[in-house]
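Visitor: File follows, structure-v5.csv with CSV, C-alpha atoms and all ligand atoms:
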chain,number,residue,atom,x,y,z
A,1,MET,CA,70.0,-207.8,26.2
A,2,MET,CA,66.4,-208.8,25.3
A,3,GLY,CA,64.0,-210.2,27.9
A,4,HIS,CA,64.2,-213.8,26.6
A,5,SER,CA,68.0,-213.8,26.6
A,6,HIS,CA,68.0,-212.7,30.3
A,7,ALA,CA,65.4,-215.3,31.2
A,8,MET,CA,67.3,-218.1,29.6
A,9,THR,CA,70.6,-217.1,31.2
A,10,GLY,CA,68.7,-217.0,34.5
A,11,ALA,CA,67.6,-220.6,34.0
A,12,ILE,CA,71.2,-221.6,33.0
A,13,ALA,CA,72.7,-220.0,36.1
A,14,TRP,CA,70.3,-221.8,38.4
A,15,LEU,CA,70.7,-225.2,36.7
A,16,GLY,CA,74.5,-224.8,36.8
A,17,LEU,CA,74.9,-223.4,40.3
A,18,ALA,CA,72.0,-224.9,42.3
A,19,PRO,CA,73.6,-228.2,43.4
A,20,GLY,CA,76.5,-226.2,44.8
A,21,LEU,CA,74.3,-223.5,46.4
A,22,ALA,CA,72.2,-226.3,48.0
A,23,ALA,CA,75.2,-227.2,50.2
A,24,ILE,CA,74.6,-223.9,52.0
A,25,PRO,CA,72.3,-224.9,54.9
A,26,MET,CA,70.0,-221.9,54.6
A,27,VAL,CA,69.1,-222.8,51.0
A,28,THR,CA,67.4,-226.1,51.9
A,29,GLU,CA,64.7,-226.4,54.4
A,30,SER,CA,65.3,-230.0,55.4
A,31,SER,CA,68.1,-232.3,54.9
A,32,THR,CA,67.4,-235.0,52.4
A,33,TYR,CA,68.3,-238.6,53.1
A,34,ILE,CA,70.2,-239.8,50.1
A,35,GLU,CA,70.8,-243.4,49.1
A,36,THR,CA,74.4,-243.7,50.4
A,37,GLY,CA,73.0,-243.4,53.9
A,38,ILE,CA,74.5,-239.9,54.4
A,39,MET,CA,72.3,-237.0,55.3
A,40,ALA,CA,73.0,-234.2,52.8
A,41,ASN,CA,71.6,-230.9,52.0
A,42,ALA,CA,70.0,-231.2,48.6
A,43,LEU,CA,67.2,-229.8,46.5
A,44,ASN,CA,64.8,-232.4,45.2
A,45,PRO,CA,64.1,-232.4,41.5
A,46,ALA,CA,60.8,-230.4,41.8
A,47,GLU,CA,62.7,-227.7,43.8
A,48,PHE,CA,65.4,-227.7,41.2
A,49,ILE,CA,63.0,-227.0,38.4
A,50,ALA,CA,61.0,-224.5,40.4
A,51,GLY,CA,64.2,-222.7,41.2
A,52,ALA,CA,65.1,-222.5,37.5
A,53,ILE,CA,61.7,-220.9,36.7
A,54,ILE,CA,61.9,-218.5,39.6
A,55,CYS,CA,65.5,-217.6,38.6
A,56,MET,CA,64.3,-216.9,35.0
A,57,GLY,CA,61.6,-214.5,36.3
A,58,ALA,CA,64.1,-212.8,38.7
A,59,ALA,CA,66.5,-212.3,35.8
A,60,MET,CA,63.9,-209.9,34.4
A,61,LEU,CA,63.7,-207.7,37.5
A,62,PRO,CA,66.6,-205.3,36.9
A,63,ASP,CA,64.8,-204.1,33.7
A,64,LEU,CA,62.0,-202.7,35.8
A,65,ASP,CA,63.9,-199.4,35.3
A,66,HIS,CA,62.9,-199.5,31.6
A,67,PRO,CA,59.2,-198.6,31.0
A,68,SER,CA,59.2,-200.3,27.5
A,69,ALA,CA,61.0,-203.5,28.6
A,70,THR,CA,59.1,-206.9,28.6
A,71,ILE,CA,58.8,-206.8,32.4
A,72,ALA,CA,57.2,-203.3,32.5
A,73,GLN,CA,54.4,-204.5,30.1
A,74,THR,CA,53.7,-207.8,31.8
A,75,PHE,CA,50.9,-206.8,34.1
A,76,GLY,CA,49.5,-203.8,32.2
A,77,PRO,CA,49.4,-200.3,33.8
A,78,LEU,CA,50.5,-201.7,37.2
A,79,THR,CA,54.0,-202.7,36.1
A,80,TRP,CA,54.2,-199.8,33.7
A,81,LEU,CA,53.7,-197.3,36.6
A,82,LEU,CA,56.0,-199.3,38.9
A,83,SER,CA,58.6,-199.2,36.2
A,84,LYS,CA,58.2,-195.4,35.7
A,85,GLY,CA,58.8,-195.0,39.4
A,86,VAL,CA,61.8,-197.3,39.5
A,87,ASN,CA,63.2,-195.6,36.4
A,88,TRP,CA,63.0,-192.2,38.2
A,89,ILE,CA,64.5,-193.4,41.5
A,90,SER,CA,67.4,-195.4,40.0
A,91,GLY,CA,68.4,-192.6,37.6
A,92,GLY,CA,67.3,-193.9,34.3
A,93,HIS,CA,67.8,-197.2,32.5
A,94,ARG,CA,70.8,-199.3,33.6
A,95,GLY,CA,71.3,-197.4,36.8
A,96,ALA,CA,71.0,-198.7,40.3
A,97,THR,CA,69.0,-201.9,39.4
A,98,HIS,CA,71.9,-203.1,37.3
A,99,SER,CA,74.3,-203.5,40.2
A,100,LEU,CA,75.7,-206.0,42.7
A,101,ALA,CA,74.1,-203.9,45.5
A,102,PHE,CA,70.6,-204.3,44.0
A,103,ALA,CA,70.9,-208.1,43.5
A,104,VAL,CA,72.1,-208.6,47.1
A,105,ALA,CA,69.4,-206.3,48.6
A,106,ILE,CA,66.5,-207.9,46.7
A,107,GLY,CA,67.9,-211.4,47.4
A,108,PHE,CA,67.9,-210.7,51.1
A,109,GLY,CA,64.4,-209.1,50.8
A,110,ALA,CA,63.0,-212.2,49.1
A,111,HIS,CA,64.7,-214.4,51.7
A,112,TRP,CA,63.2,-212.4,54.5
A,113,LEU,CA,59.8,-212.5,52.9
A,114,ALA,CA,60.0,-216.3,52.4
A,115,ASN,CA,60.8,-216.8,56.1
A,116,THR,CA,58.3,-214.2,57.5
A,117,TYR,CA,55.2,-214.0,55.4
A,118,PRO,CA,54.1,-217.2,53.6
A,119,ILE,CA,51.4,-215.2,51.7
A,120,GLY,CA,53.8,-212.6,50.5
A,121,ARG,CA,56.2,-215.3,49.5
A,122,ASP,CA,53.5,-217.1,47.5
A,123,ILE,CA,52.6,-213.8,45.7
A,124,MET,CA,56.2,-213.3,44.8
A,125,VAL,CA,56.6,-216.9,43.5
A,126,VAL,CA,53.4,-216.5,41.4
A,127,LEU,CA,54.6,-213.2,39.9
A,128,LEU,CA,58.0,-214.6,39.1
A,129,ILE,CA,56.6,-217.7,37.4
A,130,GLY,CA,54.3,-215.4,35.4
A,131,LEU,CA,57.2,-213.2,34.4
A,132,ALA,CA,59.3,-216.2,33.4
A,133,LEU,CA,56.6,-217.5,31.1
A,134,ARG,CA,56.0,-214.1,29.6
A,135,ALA,CA,59.7,-213.6,29.0
A,136,ILE,CA,60.1,-216.8,26.9
A,137,GLY,CA,57.1,-215.8,24.9
A,138,ILE,CA,54.4,-218.2,26.0
A,139,GLY,CA,51.1,-217.1,24.5
A,140,ILE,CA,49.4,-216.5,21.1
A,141,PRO,CA,51.2,-214.0,18.9
A,142,GLY,CA,48.9,-210.9,18.3
A,143,ASN,CA,46.3,-212.0,20.8
A,144,LYS,CA,46.9,-210.1,24.0
A,145,LEU,CA,43.9,-211.3,26.0
A,146,GLY,CA,44.5,-214.9,24.9
A,147,SER,CA,48.1,-214.7,25.9
A,148,VAL,CA,47.3,-213.3,29.3
A,149,MET,CA,44.8,-216.1,29.9
A,150,ILE,CA,47.3,-218.7,28.9
A,151,ASN,CA,49.9,-217.2,31.1
A,152,ILE,CA,47.6,-217.0,34.1
A,153,GLY,CA,46.5,-220.6,33.5
A,154,MET,CA,50.0,-222.0,33.2
A,155,THR,CA,51.3,-220.0,36.2
A,156,ALA,CA,48.5,-221.3,38.4
A,157,GLY,CA,49.1,-224.8,37.1
A,158,LEU,CA,52.8,-224.7,37.8
A,159,PHE,CA,52.3,-223.2,41.3
A,160,ALA,CA,49.8,-225.9,42.1
A,161,VAL,CA,52.2,-228.6,40.9
A,162,PHE,CA,55.0,-227.2,43.0
A,163,MET,CA,52.6,-227.2,46.0
A,164,SER,CA,51.5,-230.7,45.4
A,165,MET,CA,55.1,-231.8,45.3
A,166,ASN,CA,55.9,-230.1,48.6
A,167,VAL,CA,58.3,-227.6,47.1
A,168,GLY,CA,59.9,-225.6,49.9
A,169,TYR,CA,61.1,-222.0,49.3
A,170,ALA,CA,64.1,-221.7,51.6
A,171,TRP,CA,66.1,-221.1,48.4
A,172,LEU,CA,63.9,-218.3,47.1
A,173,GLY,CA,66.2,-215.4,48.1
A,174,MET,CA,69.2,-217.2,46.6
A,175,ALA,CA,67.4,-217.8,43.3
A,176,VAL,CA,66.2,-214.2,43.1
A,177,ALA,CA,69.8,-212.8,43.8
A,178,VAL,CA,71.3,-215.2,41.3
A,179,GLY,CA,68.7,-214.2,38.7
A,180,CYS,CA,69.4,-210.4,39.2
A,181,LEU,CA,73.2,-211.0,39.1
A,182,ILE,CA,73.1,-213.0,35.9
A,183,HIS,CA,71.1,-210.2,34.3
A,184,VAL,CA,73.8,-207.7,35.2
A,185,VAL,CA,76.5,-210.1,33.9
A,186,GLY,CA,74.5,-210.4,30.7
A,187,ASP,CA,74.1,-206.6,30.2
A,188,CYS,CA,77.9,-206.2,30.8
A,189,MET,CA,78.3,-208.3,27.7
A,190,THR,CA,76.4,-205.7,25.7
A,191,GLU,CA,77.9,-202.5,24.2
A,192,ARG,CA,76.5,-200.3,26.9
A,193,GLY,CA,77.7,-202.2,30.0
A,194,CYS,CA,76.5,-201.7,33.6
A,195,PRO,CA,77.4,-199.8,36.7
A,196,VAL,CA,78.1,-203.0,38.6
A,197,LEU,CA,79.5,-201.2,41.6
A,198,TRP,CA,76.7,-198.6,41.9
A,199,PRO,CA,76.7,-196.1,43.6
A,200,LEU,CA,80.1,-195.7,42.1
A,201,SER,CA,79.5,-194.5,38.6
A,202,VAL,CA,82.1,-196.6,36.8
A,203,ARG,CA,80.6,-198.8,34.0
A,204,PHE,CA,81.7,-202.3,33.3
A,205,VAL,CA,81.8,-202.9,29.6
A,206,LEU,CA,83.7,-205.4,27.3
A,207,PRO,CA,87.0,-204.0,25.8
A,208,TRP,CA,87.5,-203.2,22.1
A,209,LYS,CA,83.8,-202.6,21.5
A,210,ILE,CA,83.1,-206.3,21.1
A,211,GLY,CA,79.9,-206.0,23.2
A,212,ILE,CA,76.7,-207.5,21.8
A,213,LYS,CA,74.2,-205.1,20.1
A,214,THR,CA,70.9,-205.7,21.9
A,215,GLY,CA,68.2,-207.3,19.7
A,216,LYS,CA,70.3,-207.6,16.6
A,217,LYS,CA,71.1,-210.6,14.5
A,218,PHE,CA,73.7,-212.2,16.8
A,219,GLU,CA,71.4,-212.2,19.8
A,220,GLN,CA,68.3,-213.4,17.9
A,221,LYS,CA,69.8,-215.9,15.5
A,222,ILE,CA,72.8,-217.3,17.4
A,223,LEU,CA,72.6,-216.6,21.1
A,224,ALA,CA,69.0,-217.6,21.6
A,225,PRO,CA,69.2,-221.1,20.0
A,226,LEU,CA,72.6,-221.6,21.7
A,227,LEU,CA,71.1,-220.8,25.2
A,228,SER,CA,68.2,-223.1,24.6
A,229,VAL,CA,70.5,-226.0,23.8
A,230,VAL,CA,72.5,-225.3,26.9
A,231,ILE,CA,69.3,-225.4,29.0
A,232,VAL,CA,68.2,-228.7,27.6
A,233,GLY,CA,71.7,-230.1,28.1
A,234,LEU,CA,71.9,-229.0,31.7
A,235,LEU,CA,68.4,-230.3,32.5
A,236,PHE,CA,69.4,-233.7,31.0
A,237,TRP,CA,72.8,-233.7,32.8
A,238,ARG,CA,71.3,-232.8,36.2
A,239,LEU,CA,68.1,-234.9,36.1
A,240,ALA,CA,68.6,-237.9,33.8
A,241,PRO,CA,69.2,-241.1,35.8
A,242,ILE,CA,72.6,-242.4,34.8
B,1,ZN,ZN,69.0,-204.8,31.7
Written as C-alpha cells, that's how I'd like the structure from this file.

Guide:
Amino acid sequence: MMGHSHAMTGAIAWLGLAPGLAAIPMVTESSTYIETGIMANALNPAEFIAGAIICMGAAMLPDLDHPSATIAQTFGPLTWLLSKGVNWISGGHRGATHSLAFAVAIGFGAHWLANTYPIGRDIMVVLLIGLALRAIGIGIPGNKLGSVMINIGMTAGLFAVFMSMNVGYAWLGMAVAVGCLIHVVGDCMTERGCPVLWPLSVRFVLPWKIGIKTGKKFEQKILAPLLSVVIVGLLFWRLAPI
C-alpha cells in the first residue's frame, strides 16, 4: 500500500478504537470527571485528535524497511540511511517490520519512553506528527524546500497546540502499536501479503489473488477518497455534540 493509504487507515483505527482503548487504565493519565458524576477513564477531545495524528505517523513506521518509501525520504539522508540499515537487518522489504512482534515491541518501547524520558517522548511525538503530515501530502508540489518548511511549521504548531491543551501522552505506546498493526493489516490486503507471525516465514495474503495492487487505480481513485470520507464521518460521530 502507498504511504497515504497507510496514514489514513492509521487515523481510522485510532478514531474507531480509542474510546474503547481509553478504558484501559494505563492509556489515560488521569481519570476524567464526566457529567454523569461518574469518574471514568477517558481521552479528552485534544488527546483524541493528537492520538489520531500520532497513529497516522506510526502507521508509516513498518515501511522503514523500504529505502524508497515515503518514510525513508521524509528527513533526507538521515531517514534514508536508517532505512537502509533497517532493510538489511529485517531481511528486505516486508520482513520483520511487517509483523505482530514488531508492532508490540515498538509499542512497548514508545510506552517506556513516554514514561521515562519526557524529552525522548517529545522528540518521538514531533517526528510522528511530521511523518503524518508528510504522508498525507501536506506541502507544495514540486517545491521540496517549501514543503519541508511548511511541514516543520505545521508540526511545531500542532505540538504547541497539544501542549497548550495539556495533552498527556500516556496513550503514546498504544497509538504507536495500533498504527504499526493497521499497517500490517493493510499490507495483508495487497497481493504480496505480510509475514504477520515473523520470525515464522509464513505469509498472510488474501485468497484467490484478490489482493490490491499497490499504487494502481483502485487504491488511488476508490480507496483514498473512501478512506477520507470514513475519517470525516468518524470525527463527526466521535466529536459532534449530539
Ligand atoms: Zn508496508

Visitor: Please build the interface table for segment 71-142 of chain A against segment 6-22 of chain A with a cut-off of 12 Å, listing for each qualifying residue the nearest atom pair and the distance in Å to one decimal; count only C-alpha atoms, order rows by chain and increasing number, and write it as JSON lines.

Guide:
{"residue": "A:Ile71", "atom": "CA", "partner": "A:Ala7", "partner_atom": "CA", "distance": 10.8}
{"residue": "A:Leu128", "atom": "CA", "partner": "A:Ala7", "partner_atom": "CA", "distance": 10.8}
{"residue": "A:Ile129", "atom": "CA", "partner": "A:Ala7", "partner_atom": "CA", "distance": 11.0}
{"residue": "A:Gly130", "atom": "CA", "partner": "A:Ala7", "partner_atom": "CA", "distance": 11.9}
{"residue": "A:Leu131", "atom": "CA", "partner": "A:Ala7", "partner_atom": "CA", "distance": 9.0}
{"residue": "A:Ala132", "atom": "CA", "partner": "A:Ala7", "partner_atom": "CA", "distance": 6.5}
{"residue": "A:Leu133", "atom": "CA", "partner": "A:Ala7", "partner_atom": "CA", "distance": 9.1}
{"residue": "A:Arg134", "atom": "CA", "partner": "A:Ala7", "partner_atom": "CA", "distance": 9.6}
{"residue": "A:Ala135", "atom": "CA", "partner": "A:Ala7", "partner_atom": "CA", "distance": 6.3}
{"residue": "A:Ile136", "atom": "CA", "partner": "A:Ala7", "partner_atom": "CA", "distance": 7.0}
{"residue": "A:Gly137", "atom": "CA", "partner": "A:Ala7", "partner_atom": "CA", "distance": 10.4}

Visitor: Enumerate as a PyMOL selection string the residues within 12 Å of ligand ZN 1 (chain B), counting all atoms listed in the file.

Guide: chain A and resi 1-7+58-72+87+92-99+179-196+214

Visitor: In Å, with one decimal, what is the gap from atom CA of Met165 of chain A to atom CA of Leu43 of chain A?

Guide: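 Value for the atom CA of Met165 of chain A-atom CA of Leu43 of chain A distance: 12.3 Å.
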
Visitor: List the spatial neighbours of Leu235 of chain A as a PyMOL selection string - criterion: any atom at most 9 Å away, all atoms listed in the file, same-chain residues fewer than 5 positions off excluded.

Guide: chain A and resi 15+49+230+240

Visitor: Using all atoms listed in the file, find the one residue out of A:Asp122, A:Ser90, A:Ile106, A:Leu239 that sits nearest to Met163 of chain A.

Guide: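 Looking at the shortest contact to Met163 of chain A, the residue is A:Asp122.
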
Visitor: So, counting all atoms listed in the file, which residue among A:Pro225, A:Gly168, A:Gly76, A:Gly173 is closest to Val148 of chain A?

Guide: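 Closest candidate: A:Gly76.
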
Visitor: Measure the distance from atom CA of Trp198 of chain A to atom CA of Ala101 of chain A in Å and round it to one decimal.

Guide: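 Spanning atom CA of Trp198 of chain A to atom CA of Ala101 of chain A is a straight-line distance of 6.9 Å.
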
Visitor: Can you work out the spacing between atom CA of Met154 of chain A and atom CA of Val126 of chain A in Å, to one decimal?

Guide: 10.4 Å

Visitor: Would you pick out the contacts of Ile123 of chain A at 12 Å or less, using all atoms listed in the file, so that residues sharing its chain but fewer than 2 positions from it are not included, and give the list as a PyMOL selection string?

Guide: chain A and resi 110+113-114+117-121+125-130+155-156+159

Visitor: Deliver the residues from the most recent selection as a file, using C-alpha atoms, as a PDB file, keeping the file's coordinate frame.

Guide:
ATOM      1  CA  ALA A 110      63.000-212.200  49.100  1.00  0.00           C
ATOM      2  CA  LEU A 113      59.800-212.500  52.900  1.00  0.00           C
ATOM      3  CA  ALA A 114      60.000-216.300  52.400  1.00  0.00           C
ATOM      4  CA  TYR A 117      55.200-214.000  55.400  1.00  0.00           C
ATOM      5  CA  PRO A 118      54.100-217.200  53.600  1.00  0.00           C
ATOM      6  CA  ILE A 119      51.400-215.200  51.700  1.00  0.00           C
ATOM      7  CA  GLY A 120      53.800-212.600  50.500  1.00  0.00           C
ATOM      8  CA  ARG A 121      56.200-215.300  49.500  1.00  0.00           C
ATOM      9  CA  VAL A 125      56.600-216.900  43.500  1.00  0.00           C
ATOM     10  CA  VAL A 126      53.400-216.500  41.400  1.00  0.00           C
ATOM     11  CA  LEU A 127      54.600-213.200  39.900  1.00  0.00           C
ATOM     12  CA  LEU A 128      58.000-214.600  39.100  1.00  0.00           C
ATOM     13  CA  ILE A 129      56.600-217.700  37.400  1.00  0.00           C
ATOM     14  CA  GLY A 130      54.300-215.400  35.400  1.00  0.00           C
ATOM     15  CA  THR A 155      51.300-220.000  36.200  1.00  0.00           C
ATOM     16  CA  ALA A 156      48.500-221.300  38.400  1.00  0.00           C
ATOM     17  CA  PHE A 159      52.300-223.200  41.300  1.00  0.00           C
TER      18      PHE A 159
END

Visitor: For Leu197 of chain A, which residue out of A:Val232, A:Leu223, A:Ala103, A:Ala23 is the nearest one, using all atoms listed in the file?

Guide: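 The shortest atom-to-atom distance to Leu197 of chain A comes from A:Ala103.
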
Visitor: Any chance you could work out the axis-aligned box around segment 213-222 of chain A, listed atoms only, 8 Å on each side, giving centre and edge lengths in Å to one decimal, as lines of an AutoDock Vina configuration file?

Guide:
center_x = 71.2
center_y = -211.2
center_z = 18.2
size_x = 22.0
size_y = 28.2
size_z = 23.4
